[in-house]
Structure formats: structure tokens, C-alpha cells
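Engineer: I'd like to ask you about the structure that follows.
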Amino acid sequence: MSTTPKISPSEDELRAALVSLKTRYPSLGIAKTHSILLASFPNWLVSEKRTRKVLQNEGLILDSPSPQGADMIYPTSRLIPDLDIPKWTSKVQVRYYDKRKGKGLVAIEDVEEGETIWKEDPFILAPEWEIYDMQISSAACGFCSTPLDQSSPLTQPCPASSSSSQTPCAFRFCNRLCLSRSAKHHTLLCSSQNPGCVPLLKLIKETKWMALHAFAQCTSRVLLAGQRSTEEEDRDWKVVTGLAELGLEERFKYSFNSSGAEPDRESWKKAHTTFLHAFRSPRSSSDQKNLAKILKKPMNPVIDKALFEYDGFLRGLGRMSLNLEAHGGLYTLHSHLNHSCTPNVSVRHNDRRTALSRITVIAKRSIVAGEELFITYVNPEMDVRRRRQELQAWGFGECTCVRCLQDAKHMKPGDGEDMLDLASELKASLGVV
């Protein structure tokens, strides 16, 4: 029986093959990359030493952290105990990598290009400002954010609102189901039931501070869960504390310190004071009585400290900034997805007429079992310097994905630095989305 003779590929052929493999499997080491290379090209004769050399020449082997990098503080995350993944999908599992990278999602079966991996409704929603304006003008559902059909007999007003109320609630809901589900978070942010929240909602709208809006929604959900049962409070709090976290002070120190700008701590303190007035210590006696009617049970002291002490408040804002989906939702399973500049999944809002806030996670290409799922945290159309700048602003350090390593090799010194420095300085003072 004759066997096909082995051939030694040219440098260009080998380089192209290895770049393609590292793009698809960015987390694999040299040995595994070499093994997959030989399996993909069984007639090739390539030593592991040659594979290593090409990977090194192409900048596809990550350098060891520098002493300076060892002093950096990066976002931290933890696993969510008892997370019920099968309620969303049977196709992925959570994997904890290490302290630096944290957790991620890995496929546990092969997924075809274009296949839906899961659908998910938000844990809380702080929608884009155009949608939020529609909510507060009774034009979009106060729960799922779907634009309302004003002629539909199914739409429901907030039952606490009335024309005689000094601060009537403008929220309306698609139907009784959305109204019922809104009880998880709406009560404490309802201007009729908790008038003390009005200054906070006004500040959020004026500043268009999405992280503050999201943290208010999150706080409302956790506090209301505690009024219903200890079990529900514990379950929701595990979701919140499992989110990736980097406080605003840490984020500014390690992400914006090159710009020379100072953080806008006065805005942070003003927001904190207004936040306390909404949920913990309203200014007027009448607002205090209204809040006491809602929060009848004593607050869990651990949660109270984490939400309302100033440092905890800044960390809460940092959590929101790191984990919000682009359109303003906070999604439990989605928040596990890590970044790549060549993502293999995309997130879409496909149920626009029935559940606008629901996301659908779809494979951008075929994904094999064992492969990590990635989205992109930045606009992939930007050049490498701009992508890295955006990621560093979130405390993720310099991106070393395969695409960035390749693009950086062709980057000219000084390209676009002036504009990037200006953008960084403008963003730095507030330090939040």
C-alpha cells in the first residue's frame, strides 16, 4: 500500500495556516496549535519548533506580563452559584479561567454558522435614551421597551398613577403580563409610589448616565426581592455580585491616568446623595412615609453596605458600565461573554414587535465543542490603536487578540495619537457611560 509523501509547506503557506488557526482558537498554546495544524494538513511535515518560530515571528505568542503590568488592577469576576444555564440553552457552559481573565462561556456541542445559541430577557433594563424617552411619554412599554400600539385594548397603565397624584407615573405596559413582571423593579422607581426617586430619575435623564440608570434599576430589583422572600433576594444578589467589577476610582487610576485629566468626583458625590434620597433616606417626611410603605422589612446589612456606602456605590456603577449590553440591558448569561476583535457570536434584538429588550445570541461562524464564545466590546471597524484605546478605558489592558497583534505589526508610529488623546481626556473626567 502506498502512502502519500509528506511535504514541507512554504513559509507563506505555513504562516497563513497558523494565523487562521490562531484567529479561530486564540487561547490555544503552541503544542495544541501545532497538533491542530497537523490534523488540518495531514500531508504536511512541520516540526513544533518551526511552528513556534512562525508564531513568534508573527507576534502570536503572548509575552509574559511585565513588572509594571503586575501592578495593574483589572476587572474581577466570580462564578454565580447554582446558575441555571439550561433555562437558556443546552449548548454552553461557564468556565473559570484564572484571576486575570475571569470567567467565560464555552460551547459544549458543535454550533453551525447562523444558529441561535440562546435567547435571553434582561435582568434589568436601562434602555437607550430614545427608547427611555418613549417610556416616560407612554409610547413604549415600561417593562420590555417595545413601542406601544396606542389603539390596543391590551395596554395597561401603572395602577398606582392617577390624575390627582402630584407626581403621576407615565409608564404604560404592553399587557397584563408585562405589568405583572414590572413589579420586580418598577415600584421603587415609580414616581407615584416613591416620589423620592424623582430627583434621581431627573438627574439620570439630564446627564444621560446609563450606568447610574442601570444601577438604580438593579438596586430597585434587589430591594424589592428582599421584601418578597429571602430566597429571591439571595438569588438576585448572587447575580449582581457575580458580575465583572471595577470601581470608578480604580478604573480612572489605571485606565485614564495617561490623559492628565481629573475625575469628576463632584458628579459622583452628587449622584450618590441623590441615590440615597431615592432608596434609603428621602428628604421629606411624606417621601419617607411612602418609602416605608414599600420597604417594610429591614434591609440585609451586607446588601445595604454594598449598595449605599460611597465605595460600594462607585463599585456598583463600575459593574454596570462593564456589563451592560450595547442597548442598555443587563443580561445574566450574556454578561459571561469575553471580548475578541474577531468575535464568533453576535447579539441581536430580533423580537422587535413583541419583546424589544430580548436578545438573541447567534453564531457568526461554525463553532466547535470546547471553543470559547466571544463578542466584541468595541466597534470592530476601528483601527487597532483605537480598539485598544477603547478597551483600556474599561480596564481590560492592551488587547492581544490575534487580529490586534497582526494589525499592530503594520501600524505606523504616531498614527492618530492626537485625536485619541483628546477623546481620552474628554471621557476621563466622568469615567462612566
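The chains in the C-alpha cells are called A, B, ... from first to last as shown; in each chain the residues are counted from 1, and the ligands are counted from 1 in the order shown.
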Report as a list in words all protein, DNA and RNA residues lying within 12 Å of Gln288 in chain A, evaluated on only C-alpha atoms, omitting residues in the same chain fewer than 4 positions from it.

Structural biologist: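 The neighbour list is Gln193, Asn194, Pro195, Gly196, Cys197, Leu276, His277, Ala278, Phe279, Arg280, Ser281, Pro282, Arg283, Ser284, Ala292, Lys293, Ile294, Leu295 and Lys296 of chain A.
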
Engineer: I need the residues in range 126-185 of chain A that are alpha helix (DSSP H) according to DSSP; give them as a VMD selection string.

Structural biologist: chain A and resid 129 to 136 176 to 181

Engineer: Go through A:Ala139, A:Cys404, A:Ala126, A:Val111 and flag the residue nearest Trp209 in chain A, using only C-alpha atoms for the distances.

Structural biologist: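 The closest residue to Trp209 in chain A is A:Ala126.
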
Engineer: Determine the nearest neighbour of Leu391 in chain A from the options A:His336, A:Gly102, A:Ala170, A:Tyr74, counting only C-alpha atoms.

Structural biologist: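 Smallest separation from Leu391 in chain A among the options: A:Tyr74.
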
Engineer: Kindly indicate which residue among A:His34, A:Lys364, A:Arg265, A:His327 lies nearest to His349 in chain A, using only C-alpha atoms for the distances.

Structural biologist: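 Ranking A:His34, A:Lys364, A:Arg265, A:His327 by distance to His349 in chain A, first place goes to A:His327.
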
Engineer: Quick one, how far is CA of Arg319 in chain A from CA of Gly247 in chain A?

Structural biologist: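 Spanning CA of Arg319 in chain A to CA of Gly247 in chain A is a straight-line distance of 7.4 Å.
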
Engineer: Which residues are near Asn344 in chain A? Cut-off 10 Å, only C-alpha atoms, ignore same chain within fewer than 5 positions. Put them as a PyMOL selection string.

Structural biologist: chain A and resi 24+113+339+362-367+371-376

Engineer: Give me a file of those residues, with all heavy atoms, as a compact mmCIF listing (two decimals), in the first residue's frame.

Structural biologist:
```
# COMPACT_ATOMS: atom_id res chain seq x y z
N ARG A 24 -9.01 31.57 14.93
CA ARG A 24 -10.15 30.76 15.32
C ARG A 24 -10.02 30.25 16.75
O ARG A 24 -11.00 30.16 17.48
CB ARG A 24 -10.30 29.59 14.36
CG ARG A 24 -11.47 28.69 14.70
CD ARG A 24 -11.95 27.90 13.52
NE ARG A 24 -13.17 27.19 13.85
CZ ARG A 24 -13.96 26.63 12.96
NH1 ARG A 24 -13.67 26.73 11.69
NH2 ARG A 24 -15.06 25.99 13.33
N GLU A 113 -22.88 27.90 11.75
CA GLU A 113 -22.97 29.32 11.43
C GLU A 113 -24.43 29.73 11.26
O GLU A 113 -25.21 29.04 10.61
CB GLU A 113 -22.20 29.63 10.15
CG GLU A 113 -22.25 31.10 9.75
CD GLU A 113 -21.47 31.39 8.49
OE1 GLU A 113 -20.75 30.47 8.00
OE2 GLU A 113 -21.58 32.52 7.97
N HIS A 339 -14.28 39.22 25.31
CA HIS A 339 -14.06 40.01 24.10
C HIS A 339 -13.04 39.39 23.15
O HIS A 339 -12.05 38.81 23.58
CB HIS A 339 -13.58 41.41 24.47
CG HIS A 339 -12.97 42.15 23.31
ND1 HIS A 339 -13.74 42.82 22.38
CD2 HIS A 339 -11.68 42.27 22.90
CE1 HIS A 339 -12.95 43.34 21.46
NE2 HIS A 339 -11.69 43.04 21.74
N ILE A 362 -26.34 34.63 18.34
CA ILE A 362 -26.25 33.84 17.11
C ILE A 362 -24.78 33.62 16.73
O ILE A 362 -23.94 34.51 16.88
CB ILE A 362 -26.97 34.58 15.96
CG1 ILE A 362 -28.46 34.72 16.30
CG2 ILE A 362 -26.80 33.85 14.63
CD1 ILE A 362 -29.24 35.57 15.31
N ALA A 363 -24.47 32.42 16.25
CA ALA A 363 -23.12 32.10 15.81
C ALA A 363 -22.79 32.83 14.50
O ALA A 363 -23.52 32.71 13.53
CB ALA A 363 -22.97 30.60 15.62
N LYS A 364 -21.68 33.57 14.51
CA LYS A 364 -21.24 34.27 13.30
C LYS A 364 -20.56 33.31 12.33
O LYS A 364 -20.44 33.59 11.14
CB LYS A 364 -20.27 35.40 13.66
CG LYS A 364 -20.93 36.58 14.36
CD LYS A 364 -19.90 37.58 14.83
CE LYS A 364 -19.17 38.25 13.68
NZ LYS A 364 -20.03 39.16 12.90
N ARG A 365 -20.07 32.20 12.84
CA ARG A 365 -19.41 31.17 12.04
C ARG A 365 -19.58 29.85 12.78
O ARG A 365 -20.13 29.83 13.89
CB ARG A 365 -17.93 31.48 11.84
CG ARG A 365 -17.14 31.62 13.14
CD ARG A 365 -15.65 31.60 12.89
NE ARG A 365 -14.88 31.85 14.09
CZ ARG A 365 -14.64 30.96 15.04
NH1 ARG A 365 -15.15 29.74 14.94
NH2 ARG A 365 -13.91 31.26 16.10
N SER A 366 -19.16 28.76 12.19
CA SER A 366 -19.26 27.48 12.88
C SER A 366 -18.33 27.48 14.10
O SER A 366 -17.22 28.01 14.06
CB SER A 366 -18.90 26.33 11.94
OG SER A 366 -17.58 26.48 11.46
N ILE A 367 -18.81 26.89 15.18
CA ILE A 367 -18.07 26.84 16.45
C ILE A 367 -18.00 25.38 16.89
O ILE A 367 -19.03 24.68 16.89
CB ILE A 367 -18.78 27.69 17.53
CG1 ILE A 367 -18.87 29.15 17.08
CG2 ILE A 367 -18.07 27.58 18.87
CD1 ILE A 367 -19.76 30.01 17.96
N GLU A 371 -14.78 25.28 22.21
CA GLU A 371 -14.32 26.61 21.81
C GLU A 371 -15.04 27.67 22.63
O GLU A 371 -16.24 27.58 22.89
CB GLU A 371 -14.60 26.82 20.32
CG GLU A 371 -13.99 28.07 19.74
CD GLU A 371 -14.23 28.18 18.24
OE1 GLU A 371 -14.70 27.20 17.63
OE2 GLU A 371 -13.96 29.27 17.69
N GLU A 372 -14.30 28.70 23.04
CA GLU A 372 -14.90 29.79 23.81
C GLU A 372 -15.72 30.69 22.89
O GLU A 372 -15.36 30.91 21.72
CB GLU A 372 -13.83 30.62 24.52
CG GLU A 372 -14.44 31.69 25.43
CD GLU A 372 -13.42 32.48 26.24
OE1 GLU A 372 -12.21 32.21 26.11
OE2 GLU A 372 -13.85 33.37 26.99
N LEU A 373 -16.81 31.23 23.43
CA LEU A 373 -17.65 32.18 22.70
C LEU A 373 -17.16 33.59 22.98
O LEU A 373 -16.87 33.94 24.12
CB LEU A 373 -19.11 32.05 23.11
CG LEU A 373 -19.75 30.66 23.03
CD1 LEU A 373 -21.23 30.76 23.32
CD2 LEU A 373 -19.51 30.01 21.68
N PHE A 374 -17.09 34.41 21.93
CA PHE A 374 -16.62 35.79 22.05
C PHE A 374 -17.58 36.74 21.37
O PHE A 374 -18.11 36.45 20.30
CB PHE A 374 -15.24 35.97 21.41
CG PHE A 374 -14.12 35.25 22.09
CD1 PHE A 374 -13.61 34.07 21.56
CD2 PHE A 374 -13.55 35.76 23.26
CE1 PHE A 374 -12.56 33.42 22.18
CE2 PHE A 374 -12.50 35.12 23.88
CZ PHE A 374 -12.00 33.94 23.34
N ILE A 375 -17.78 37.91 22.00
CA ILE A 375 -18.38 39.05 21.33
C ILE A 375 -17.31 40.13 21.25
O ILE A 375 -16.20 39.94 21.75
CB ILE A 375 -19.61 39.59 22.10
CG1 ILE A 375 -19.24 39.92 23.56
CG2 ILE A 375 -20.76 38.61 22.03
CD1 ILE A 375 -20.33 40.60 24.33
N THR A 376 -17.61 41.25 20.61
CA THR A 376 -16.67 42.36 20.62
C THR A 376 -17.22 43.46 21.52
O THR A 376 -18.41 43.78 21.47
CB THR A 376 -16.41 42.89 19.20
OG1 THR A 376 -15.49 43.99 19.28
CG2 THR A 376 -17.68 43.34 18.51
```
